[in-house]
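Dumped my_file34.csv below, it's CSV, C-alpha atoms and all ligand atoms:
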```
chain,number,residue,atom,x,y,z
A,156,MET,CA,-55.2,75.1,-88.4
A,157,GLU,CA,-56.9,78.3,-87.3
A,158,ILE,CA,-54.9,81.5,-86.8
A,159,LYS,CA,-56.4,84.4,-84.9
A,160,VAL,CA,-55.8,87.7,-86.7
A,161,LEU,CA,-58.2,90.2,-84.9
A,162,LYS,CA,-57.4,93.3,-86.9
A,163,ASN,CA,-59.8,96.1,-87.6
A,164,VAL,CA,-59.6,96.6,-91.3
A,165,MET,CA,-60.6,100.2,-90.9
A,166,MET,CA,-57.3,100.8,-89.0
A,167,LYS,CA,-55.5,100.7,-92.4
A,168,ASN,CA,-57.2,104.0,-93.1
A,169,ASN,CA,-57.5,105.3,-89.5
A,170,ALA,CA,-53.8,104.9,-88.7
A,171,ILE,CA,-53.0,107.3,-91.6
A,172,GLY,CA,-55.9,109.5,-90.4
A,173,GLY,CA,-54.1,109.6,-87.0
A,174,ASP,CA,-50.8,110.6,-88.7
A,175,ASN,CA,-52.6,113.4,-90.6
A,176,ARG,CA,-54.2,114.6,-87.3
A,177,TRP,CA,-50.7,114.8,-85.7
A,178,ARG,CA,-49.2,116.7,-88.7
A,179,LEU,CA,-52.1,119.2,-88.6
A,180,LYS,CA,-51.7,119.7,-84.8
A,181,GLN,CA,-48.0,120.2,-85.2
A,182,SER,CA,-48.6,123.0,-87.7
A,183,LYS,CA,-51.5,124.4,-85.7
A,184,VAL,CA,-54.0,123.9,-88.6
A,185,PHE,CA,-57.7,123.8,-87.8
A,186,SER,CA,-59.2,121.4,-90.3
A,187,LEU,CA,-62.8,120.7,-91.4
A,188,ASN,CA,-64.2,117.7,-93.3
A,189,MET,CA,-67.3,118.9,-95.2
A,190,VAL,CA,-69.6,116.1,-95.9
A,191,SER,CA,-73.1,115.8,-97.4
A,192,SER,CA,-75.3,114.2,-100.1
A,193,PRO,CA,-74.6,115.4,-103.6
A,194,GLY,CA,-75.6,119.0,-104.2
A,195,ALA,CA,-76.2,119.9,-100.6
A,196,GLY,CA,-74.3,123.2,-101.0
A,197,LYS,CA,-70.8,122.5,-99.9
A,198,THR,CA,-69.1,124.4,-102.7
A,199,THR,CA,-71.5,127.2,-102.5
A,200,LEU,CA,-70.9,127.6,-98.7
A,201,LEU,CA,-67.1,127.3,-99.2
A,202,LYS,CA,-67.2,130.1,-101.8
A,203,HIS,CA,-68.9,132.5,-99.5
A,204,THR,CA,-66.8,131.4,-96.6
A,205,LEU,CA,-63.5,131.9,-98.4
A,206,GLY,CA,-64.6,135.4,-99.5
A,207,ARG,CA,-64.9,136.3,-95.9
A,208,LEU,CA,-62.3,134.2,-94.1
A,209,THR,CA,-59.4,135.0,-96.5
A,210,ARG,CA,-59.5,138.6,-95.3
A,211,ASN,CA,-57.9,137.6,-91.9
A,212,HIS,CA,-57.0,134.0,-92.1
A,213,LYS,CA,-54.6,131.8,-94.1
A,214,VAL,CA,-56.9,129.3,-95.7
A,215,ALA,CA,-56.2,126.2,-97.8
A,216,VAL,CA,-58.7,123.9,-99.5
A,217,ILE,CA,-58.7,120.2,-100.6
A,218,GLU,CA,-61.4,119.5,-103.1
A,219,GLY,CA,-62.7,115.9,-103.5
A,220,ASP,CA,-64.6,115.1,-106.6
A,221,LEU,CA,-65.3,111.9,-108.6
A,222,TYR,CA,-63.8,112.9,-111.9
A,223,THR,CA,-64.2,116.6,-112.6
A,224,SER,CA,-62.5,119.9,-111.5
A,225,LYS,CA,-65.7,121.9,-111.4
A,226,ASP,CA,-65.7,122.6,-107.7
A,227,ALA,CA,-62.0,123.5,-107.7
A,228,LEU,CA,-62.6,125.9,-110.6
A,229,ALA,CA,-65.4,127.5,-108.7
A,230,LEU,CA,-62.9,128.5,-106.0
A,231,GLU,CA,-60.1,129.4,-108.3
A,232,GLN,CA,-60.8,133.2,-107.9
A,233,PHE,CA,-59.3,132.9,-104.4
A,234,ASP,CA,-55.5,133.2,-104.2
A,235,ILE,CA,-55.1,130.2,-101.8
A,236,PRO,CA,-53.5,126.8,-101.9
A,237,LEU,CA,-56.1,124.6,-103.6
A,238,ILE,CA,-55.6,120.9,-104.1
A,239,GLN,CA,-57.9,118.8,-106.3
A,240,ILE,CA,-58.3,115.1,-105.6
A,241,ASN,CA,-60.2,113.0,-108.2
A,242,THR,CA,-61.3,109.7,-106.6
A,243,GLU,CA,-61.9,108.2,-110.1
A,244,GLY,CA,-65.3,106.8,-109.1
A,245,GLY,CA,-64.5,106.3,-105.4
A,246,CYS,CA,-67.4,107.4,-103.2
A,247,HIS,CA,-65.3,109.0,-100.5
A,248,LEU,CA,-62.0,110.6,-99.7
A,249,ASP,CA,-59.6,108.5,-97.6
A,250,ALA,CA,-56.8,109.4,-95.2
A,251,ARG,CA,-54.1,108.4,-97.7
A,252,MET,CA,-55.4,110.9,-100.3
A,253,ILE,CA,-55.4,113.6,-97.7
A,254,SER,CA,-51.9,112.8,-96.6
A,255,THR,CA,-50.6,113.1,-100.2
A,256,ALA,CA,-52.6,116.3,-100.7
A,257,MET,CA,-51.1,117.7,-97.5
A,258,ASP,CA,-47.6,117.1,-98.8
A,259,ASN,CA,-48.4,119.7,-101.4
A,260,ILE,CA,-49.7,122.4,-99.0
A,261,ASP,CA,-47.4,124.5,-96.8
A,262,LEU,CA,-49.0,123.6,-93.5
A,263,GLU,CA,-46.8,126.0,-91.5
A,264,SER,CA,-48.4,128.9,-93.3
A,265,THR,CA,-51.9,127.6,-93.1
A,266,GLU,CA,-54.4,128.3,-90.4
A,267,ILE,CA,-57.6,126.7,-91.6
A,268,LEU,CA,-57.9,123.7,-93.9
A,269,PHE,CA,-61.3,123.0,-95.6
A,270,ILE,CA,-61.7,119.5,-97.1
A,271,GLU,CA,-64.8,119.1,-99.4
A,272,ASN,CA,-65.6,115.4,-99.4
A,273,VAL,CA,-67.3,113.6,-102.2
A,274,GLY,CA,-71.1,114.1,-102.1
A,275,ASN,CA,-72.3,110.9,-100.4
A,276,LEU,CA,-74.2,110.5,-97.2
A,277,VAL,CA,-73.0,107.0,-96.4
A,278,CYS,CA,-69.4,106.0,-97.2
A,279,PRO,CA,-67.4,109.0,-95.9
A,280,ALA,CA,-68.6,108.2,-92.4
A,281,SER,CA,-66.3,105.1,-92.3
A,282,PHE,CA,-63.1,107.0,-93.3
A,283,ASP,CA,-61.4,109.2,-90.8
A,284,LEU,CA,-59.3,111.8,-92.6
A,285,GLY,CA,-57.6,113.2,-89.5
A,286,GLU,CA,-59.8,116.3,-89.4
A,287,ASP,CA,-60.7,118.3,-86.3
A,288,LYS,CA,-64.3,118.7,-87.1
A,289,MET,CA,-66.8,116.9,-89.4
A,290,VAL,CA,-69.3,119.4,-90.8
A,291,LEU,CA,-72.4,117.8,-92.3
A,292,LEU,CA,-74.6,119.9,-94.7
A,293,TYR,CA,-78.2,118.8,-94.6
A,294,PRO,CA,-80.4,120.6,-97.2
A,295,ILE,CA,-83.9,120.9,-96.0
A,296,THR,CA,-85.0,120.1,-99.5
A,297,GLU,CA,-84.3,116.5,-98.8
A,298,GLY,CA,-87.0,116.2,-96.2
A,299,ASP,CA,-86.8,116.2,-92.5
A,300,ASP,CA,-86.6,112.4,-92.0
A,301,LYS,CA,-83.0,112.0,-93.2
A,302,PRO,CA,-81.1,111.9,-89.9
A,303,SER,CA,-82.5,108.5,-88.8
A,304,LYS,CA,-82.2,107.1,-92.3
A,305,TYR,CA,-78.5,108.0,-92.6
A,306,ALA,CA,-77.8,107.8,-88.9
A,307,THR,CA,-74.0,107.0,-89.0
A,308,MET,CA,-73.1,110.2,-90.8
A,309,PHE,CA,-75.3,112.3,-88.5
A,310,GLN,CA,-73.9,110.5,-85.4
A,311,LYS,CA,-70.3,111.4,-86.4
A,312,ALA,CA,-70.9,115.0,-87.3
A,313,ASP,CA,-69.7,117.7,-84.9
A,314,LEU,CA,-71.7,120.4,-86.6
A,315,VAL,CA,-74.9,119.9,-88.7
A,316,ILE,CA,-75.8,122.7,-91.0
A,317,ILE,CA,-79.4,122.7,-92.1
A,318,ASN,CA,-79.1,124.4,-95.5
A,319,LYS,CA,-81.4,125.9,-98.2
A,320,VAL,CA,-83.9,127.1,-95.6
A,321,ASP,CA,-84.9,129.8,-98.0
A,322,ILE,CA,-86.8,127.2,-100.0
A,323,ALA,CA,-88.5,125.6,-97.0
A,324,PRO,CA,-91.7,127.6,-97.4
A,325,TYR,CA,-92.2,126.2,-100.9
A,326,LEU,CA,-91.9,122.6,-99.7
A,327,ASN,CA,-93.8,120.8,-97.0
A,328,VAL,CA,-90.8,120.7,-94.7
A,329,SER,CA,-89.8,122.5,-91.5
A,330,PRO,CA,-86.3,123.4,-90.4
A,331,GLU,CA,-87.3,123.1,-86.7
A,332,LYS,CA,-88.6,119.6,-87.3
A,333,ALA,CA,-85.3,118.8,-89.1
A,334,ALA,CA,-83.3,120.1,-86.2
A,335,GLU,CA,-85.4,118.0,-83.8
A,336,GLU,CA,-84.7,114.9,-85.9
A,337,VAL,CA,-80.9,115.7,-85.9
A,338,ARG,CA,-81.1,116.0,-82.1
A,339,LYS,CA,-82.6,112.5,-81.7
A,340,ILE,CA,-79.7,110.9,-83.6
A,341,ASN,CA,-76.9,113.2,-82.2
A,342,PRO,CA,-77.7,115.0,-79.0
A,343,ASP,CA,-74.2,116.5,-78.8
A,344,CYS,CA,-73.6,118.1,-82.1
A,345,GLU,CA,-74.1,121.8,-82.8
A,346,ILE,CA,-76.8,122.8,-85.3
A,347,LEU,CA,-77.0,125.8,-87.6
A,348,THR,CA,-79.8,126.8,-89.9
A,349,LEU,CA,-78.9,128.9,-92.9
A,350,SER,CA,-78.9,129.4,-96.7
A,351,ALA,CA,-75.5,129.0,-98.2
A,352,THR,CA,-76.5,131.4,-101.0
A,353,LYS,CA,-77.5,134.2,-98.7
A,354,MET,CA,-74.5,135.9,-97.0
A,355,GLU,CA,-76.7,137.6,-94.4
A,356,THR,CA,-77.6,134.1,-92.9
A,357,LEU,CA,-74.0,133.0,-92.4
A,358,ASP,CA,-73.0,134.9,-89.3
A,359,GLY,CA,-73.5,131.9,-87.0
A,360,TRP,CA,-71.3,129.8,-89.3
A,361,PHE,CA,-68.5,132.3,-89.2
A,362,GLU,CA,-68.7,132.7,-85.5
A,363,TRP,CA,-68.6,128.9,-85.1
A,364,ILE,CA,-65.4,128.7,-87.2
A,365,GLU,CA,-63.7,131.6,-85.2
A,366,LYS,CA,-64.7,129.9,-81.9
A,367,GLU,CA,-63.4,126.5,-82.9
A,368,PHE,CA,-60.3,128.0,-84.5
A,369,SER,CA,-59.3,129.9,-81.4
A,370,LEU,CA,-60.0,126.8,-79.2
A,371,LYS,CA,-57.7,124.8,-81.5
A,372,SER,CA,-55.0,127.5,-81.4
A,373,GLN,CA,-55.0,127.3,-77.6
A,374,GLU,CA,-54.3,123.6,-77.5
B,178,MET,CA,-69.9,101.5,-102.3
B,179,HIS,CA,-66.6,101.8,-100.5
B,180,GLU,CA,-66.2,98.0,-100.3
B,181,GLY,CA,-63.5,98.2,-103.1
B,182,LYS,CA,-61.2,100.2,-100.8
B,183,ILE,CA,-62.0,97.8,-97.9
B,184,ALA,CA,-61.2,94.8,-100.0
B,185,GLN,CA,-57.8,96.4,-100.7
B,186,TYR,CA,-57.1,96.9,-97.0
B,187,VAL,CA,-58.2,93.4,-96.2
B,188,MET,CA,-55.8,92.1,-98.9
B,189,GLU,CA,-52.9,94.1,-97.4
B,190,ILE,CA,-53.6,92.8,-93.9
B,191,LEU,CA,-53.9,89.2,-95.1
B,192,GLU,CA,-50.6,89.5,-97.0
B,193,GLU,CA,-48.8,91.1,-94.0
B,194,THR,CA,-50.2,88.3,-91.7
B,195,VAL,CA,-49.1,85.5,-94.0
B,196,ASN,CA,-45.7,87.0,-94.9
B,197,SER,CA,-44.8,87.4,-91.2
B,198,ASP,CA,-45.2,83.6,-90.6
B,199,PRO,CA,-42.9,81.3,-92.7
B,200,GLU,CA,-45.1,78.3,-92.2
B,201,LEU,CA,-48.3,80.1,-93.1
B,202,LYS,CA,-46.6,81.3,-96.3
B,203,THR,CA,-46.6,77.8,-97.8
B,204,LYS,CA,-50.2,77.0,-97.0
B,205,LYS,CA,-53.4,77.6,-98.8
B,206,ILE,CA,-56.1,79.4,-96.9
B,207,SER,CA,-59.4,77.6,-96.6
B,208,LYS,CA,-61.4,80.1,-94.6
B,209,ILE,CA,-61.4,83.7,-93.6
B,210,THR,CA,-63.7,84.9,-90.8
B,211,PHE,CA,-64.8,88.6,-90.5
B,212,SER,CA,-66.7,90.3,-87.8
B,213,GLN,CA,-68.6,93.6,-88.0
B,214,GLY,CA,-69.1,96.1,-85.2
B,215,TYR,CA,-72.3,98.1,-85.1
B,216,PRO,CA,-73.5,99.8,-87.2
B,217,PRO,CA,-72.2,97.5,-90.0
B,218,SER,CA,-70.2,99.4,-92.5
B,219,VAL,CA,-69.6,96.7,-95.1
B,220,VAL,CA,-72.1,94.9,-97.4
B,221,PRO,CA,-70.7,91.3,-97.8
B,222,ASP,CA,-72.0,90.9,-101.4
B,223,SER,CA,-70.4,94.1,-102.5
B,224,PHE,CA,-67.2,93.3,-100.7
B,225,GLU,CA,-66.9,89.9,-102.3
B,226,PHE,CA,-67.4,91.4,-105.7
B,227,TYR,CA,-64.1,93.2,-105.3
B,228,PHE,CA,-62.3,90.7,-103.1
B,229,THR,CA,-62.8,87.8,-105.6
B,230,GLU,CA,-60.9,89.9,-108.1
B,231,LEU,CA,-58.0,90.7,-105.8
B,232,VAL,CA,-57.4,87.1,-104.6
B,233,ARG,CA,-57.3,85.6,-108.0
B,234,GLY,CA,-54.0,83.6,-108.3
B,235,THR,CA,-53.2,84.0,-104.6
B,236,SER,CA,-53.3,81.4,-101.7
B,237,PHE,CA,-56.6,83.0,-100.6
B,238,GLU,CA,-58.3,82.3,-103.9
B,239,ASN,CA,-60.5,79.4,-102.7
B,240,ALA,CA,-61.1,80.6,-99.1
B,241,VAL,CA,-64.6,80.4,-97.8
B,242,LEU,CA,-65.6,83.8,-96.3
B,243,GLU,CA,-67.7,83.9,-93.2
B,244,TYR,CA,-69.2,86.9,-91.4
B,245,THR,CA,-70.3,87.4,-87.8
B,246,GLU,CA,-71.6,90.4,-86.0
B,247,LEU,CA,-70.3,92.1,-82.9
B,248,PRO,CA,-73.4,94.0,-81.8
B,249,ASP,CA,-71.7,95.2,-78.6
B,250,ILE,CA,-68.8,96.9,-80.4
B,251,SER,CA,-70.2,100.2,-81.6
B,252,ASP,CA,-67.2,101.4,-83.6
B,253,GLY,CA,-68.6,100.4,-86.9
B,254,GLY,CA,-65.3,98.5,-87.4
B,255,PHE,CA,-64.8,95.6,-89.8
B,256,TYR,CA,-62.5,93.0,-88.3
B,257,ILE,CA,-60.6,90.1,-89.8
B,258,THR,CA,-61.0,87.7,-86.9
B,259,SER,CA,-59.2,84.5,-88.1
B,260,ILE,CA,-57.9,82.6,-91.0
B,261,GLU,CA,-57.8,78.8,-91.4
B,262,THR,CA,-55.3,76.9,-93.5
B,263,SER,CA,-56.0,73.7,-95.4
B,264,GLU,CA,-53.5,70.8,-95.2
B,265,GLU,CA,-52.8,71.3,-98.9
B,266,ASN,CA,-49.5,73.0,-99.8
B,267,THR,CA,-49.3,75.8,-102.3
B,268,GLY,CA,-46.8,73.8,-104.2
B,269,GLY,CA,-44.2,76.6,-104.0
B,270,ASN,CA,-41.2,76.5,-101.7
C,401,LIG,N1,-81.9,128.1,-102.9
C,401,LIG,C1,-80.7,127.7,-102.4
C,401,LIG,N2,-79.9,127.0,-103.3
C,401,LIG,C2,-78.7,126.5,-102.8
C,401,LIG,C3,-78.3,126.8,-101.4
C,401,LIG,N3,-77.1,126.3,-101.3
C,401,LIG,C4,-76.7,125.7,-102.4
C,401,LIG,N4,-77.7,125.9,-103.3
C,401,LIG,C5,-77.7,125.4,-104.7
C,401,LIG,O1,-77.6,124.0,-104.8
C,401,LIG,C6,-76.9,123.6,-105.9
C,401,LIG,C7,-75.7,122.6,-105.5
C,401,LIG,O2,-74.8,123.4,-104.7
C,401,LIG,P1,-73.3,123.0,-104.6
C,401,LIG,O3,-72.7,124.0,-103.7
C,401,LIG,O4,-72.7,122.7,-105.9
C,401,LIG,O5,-73.4,121.6,-103.8
C,401,LIG,P2,-72.2,120.6,-103.4
C,401,LIG,O6,-72.6,120.0,-102.0
C,401,LIG,O7,-70.9,121.3,-103.5
C,401,LIG,O8,-72.4,119.5,-104.5
C,401,LIG,P3,-71.4,118.3,-104.8
C,401,LIG,O9,-70.0,118.8,-104.7
C,401,LIG,O10,-71.7,117.9,-106.2
C,401,LIG,O11,-71.8,117.2,-103.9
C,401,LIG,C8,-76.4,124.9,-106.6
C,401,LIG,O12,-77.2,125.1,-107.7
C,401,LIG,C9,-76.5,125.9,-105.5
C,401,LIG,O13,-76.7,127.2,-106.0
C,401,LIG,C10,-79.2,127.5,-100.6
C,401,LIG,O14,-79.0,127.8,-99.4
C,401,LIG,N5,-80.4,127.9,-101.1
C,402,MG,MG,-69.2,120.6,-104.4
```
Do you think you could lay out the structure here as structure tokens?
Ligand SMILES: Nc1nc2c(ncn2[C@@H]2O[C@H](COP(=O)(O)OP(=O)(O)OP(=O)(O)O)[C@@H](O)[C@H]2O)c(=O)[nH]1
Ligand SMILES: [Mg+2]
Amino acid sequence: MEIKVLKNVMMKNNAIGGDNRWRLKQSKVFSLNMVSSPGAGKTTLLKHTLGRLTRNHKVAVIEGDLYTSKDALALEQFDIPLIQINTEGGCHLDARMISTAMDNIDLESTEILFIENVGNLVCPASFDLGEDKMVLLYPITEGDDKPSKYATMFQKADLVIINKVDIAPYLNVSPEKAAEEVRKINPDCEILTLSATKMETLDGWFEWIEKEFSLKSQE
Amino acid sequence: MHEGKIAQYVMEILEETVNSDPELKTKKISKITFSQGYPPSVVPDSFEFYFTELVRGTSFENAVLEYTELPDISDGGFYITSIETSEENTGGN
């Protein structure tokens, strides 16, 4: 006897992602899921971002890491809610982990929630966390052919940040070419070019956050 | 690399499906068919590595796993399309 089931397995995750999205909307929290390959500069960018944003926004951070607390420790200097999730080898954060982490954050007094996903350019694409925007950090040091090779992640991103452009002159890579390649895979996303280590290159990023935050507040 | 988590989700859905049907509960499952949307998000070999562990000792243990593609569905979804029972009873209730 054959029984039709017809269930999308990903719905197990995505249903919880949907609940998360609802909770975040209720509390008017703007949330960002920061994804990238390992070492692309997520924590570095977050550190500079918190230094600036905590002046006039209530910010919280969820740090995903395989086993360590290194990234969370790097952000400890800021007096903000900071939740560490260890995936114990898992290659991505999933919606259930975020739901549990959110239980430990006072969402009512949070305006912006940053989620640093596990460094991986494949798996996080399949797991909706319930975030408003997916931000993909793409370091130019990886070469300008990555968008087509890791297409799913690039397709899902709302914002692609081409990072580490300060080193581009030392390598045979061009940020312009990288941006073109991103466009081919995802014509709709926004693209920023910067160096997470250089505060003076981050204005576009801060403007983007403010713009998206105020759009979200008006919903 | 995320197939371990997917295998857990599959197991949860299979158990919910079987437990909601009293007749199904007593049967062994001979075949499970999966379909993948585009782009495919699950590598069958890796999935089976985890799934085989999870089904040990359950009525799904000896099920044949089959995969089909749904190139027109571009949600990257992984679907359980159907399960087939064998005539054999599980021996329990
Ligand atoms: N030159 C240069 N180095 C950078 C830049 N951004 C990050 N780095 C360096 O890249 C290395 C990795 O940065 P992280 O911020 O730890 O990267 P990450 O994405 O958080 O890494 P994981 O969490 O391990 O995936 C560090 O040594 C940073 O100083 C940049 O714009 N320019
Ligand atoms: Mg990091």
Checklist entry - What does the distance between CA of Val241 in chain B and CA of Ile206 in chain B come to in Å, to one decimal place? => result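 The value is 8.6 Å.
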Checklist entry - Got a sec to check which residues lie within 7 Å of ligand LIG 401 (chain C), using all atoms listed in the file, and send them as a PyMOL selection string? => result chain A and resi 191-200+220+226+273-274+318-322+349-353
Next on the checklist: Excluding range 331-336 of chain A and its own-chain neighbours fewer than 4 positions away, which residues fall within 8 Å of it when counting all atoms listed in the file? Please give them as a PyMOL selection string.
Outcome noted: chain A and resi 295+298-300+302-303+317+340+346
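For the pair CA of Ala215 in chain A and CA of Lys202 in chain A, the separation is 12.3 Å.
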Checklist entry - When distances are computed from all atoms listed in the file, which of A:Glu367, A:Asp313, A:Asp358, A:Glu218 shows the smallest separation from ligand MG 402 (chain C)? => result A:Glu218
Next on the checklist: Would you mind listing, as a list of chain:residue names, all residues of chain A that have at least one atom within 10 Å of chain B, where all atoms listed in the file are what counts?
Outcome noted: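 Residues passing the distance filter: A:Met156, A:Glu157, A:Ile158, A:Lys159, A:Val160, A:Leu161, A:Lys162, A:Asn163, A:Val164, A:Met165, A:Met166, A:Lys167, A:Asn168, A:Gly244, A:Gly245, A:Cys246, A:His247, A:Leu248, A:Asp249, A:Asn275, A:Val277, A:Cys278, A:Pro279, A:Ala280, A:Ser281, A:Phe282, A:Ala306, A:Thr307.
When CA of Val220 in chain B is paired with CA of Pro248 in chain B, their separation reads 15.7 Å.
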Item to check | Contact residues around Ala170 in chain A with all atoms listed in the file at 10 Å, ignoring same-chain residues under 4 positions, as an MDAnalysis selection string | outcome: chainID A and resid 165:166 174:176 250:251 283:285
Same residues, C-alpha atoms, output as an mmCIF file, in the coordinates of the input:
```
data_model
loop_
_atom_site.group_PDB
_atom_site.id
_atom_site.type_symbol
_atom_site.label_atom_id
_atom_site.label_comp_id
_atom_site.auth_asym_id
_atom_site.auth_seq_id
_atom_site.Cartn_x
_atom_site.Cartn_y
_atom_site.Cartn_z
ATOM 1 C CA MET A 165 -60.600 100.200 -90.900
ATOM 2 C CA MET A 166 -57.300 100.800 -89.000
ATOM 3 C CA ASP A 174 -50.800 110.600 -88.700
ATOM 4 C CA ASN A 175 -52.600 113.400 -90.600
ATOM 5 C CA ARG A 176 -54.200 114.600 -87.300
ATOM 6 C CA ALA A 250 -56.800 109.400 -95.200
ATOM 7 C CA ARG A 251 -54.100 108.400 -97.700
ATOM 8 C CA ASP A 283 -61.400 109.200 -90.800
ATOM 9 C CA LEU A 284 -59.300 111.800 -92.600
ATOM 10 C CA GLY A 285 -57.600 113.200 -89.500
#
```
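Here the question is which of A:Leu314, A:Ile235, A:Leu370, A:Ala227 gets nearest to ligand MG 402 (chain C) using all atoms listed in the file, and that residue is A:Ala227.
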Next on the checklist: Given all atoms listed in the file as the basis, pick out the residue of A:Leu292, A:Met257, A:Leu187, A:Leu179 nearest to ligand MG 402 (chain C).
Outcome noted: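 When distances to ligand MG 402 (chain C) are compared using all atoms listed in the file, the smallest one comes from A:Leu292.
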Checklist entry - Which is closer to ligand MG 402 (chain C) than all the others in A:Gly219, A:Pro330, A:Gly206, A:Pro236, using only C-alpha atoms and all ligand atoms? => result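 Going through A:Gly219, A:Pro330, A:Gly206, A:Pro236 one by one, the smallest distance to ligand MG 402 (chain C) is for A:Gly219.
Excluding His212 in chain A and any residue on its chain fewer than 3 positions from it, the residues at most 8 Å away by all atoms listed in the file are Leu208, Thr209, Glu266 and Ile267 of chain A.
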Please write the residues from the selection above to a file, keeping C-alpha atoms, as a PDB file, in the coordinates of the input.
```
ATOM      1  CA  LEU A 208     -62.300 134.200 -94.100  1.00  0.00           C
ATOM      2  CA  THR A 209     -59.400 135.000 -96.500  1.00  0.00           C
ATOM      3  CA  GLU A 266     -54.400 128.300 -90.400  1.00  0.00           C
ATOM      4  CA  ILE A 267     -57.600 126.700 -91.600  1.00  0.00           C
TER       5      ILE A 267
END
```
Item to check | B:Thr235, B:Thr245, B:Ser223, B:Thr229 ranked by distance to Thr203 in chain B, top pick (using all atoms listed in the file) | outcome: B:Thr235
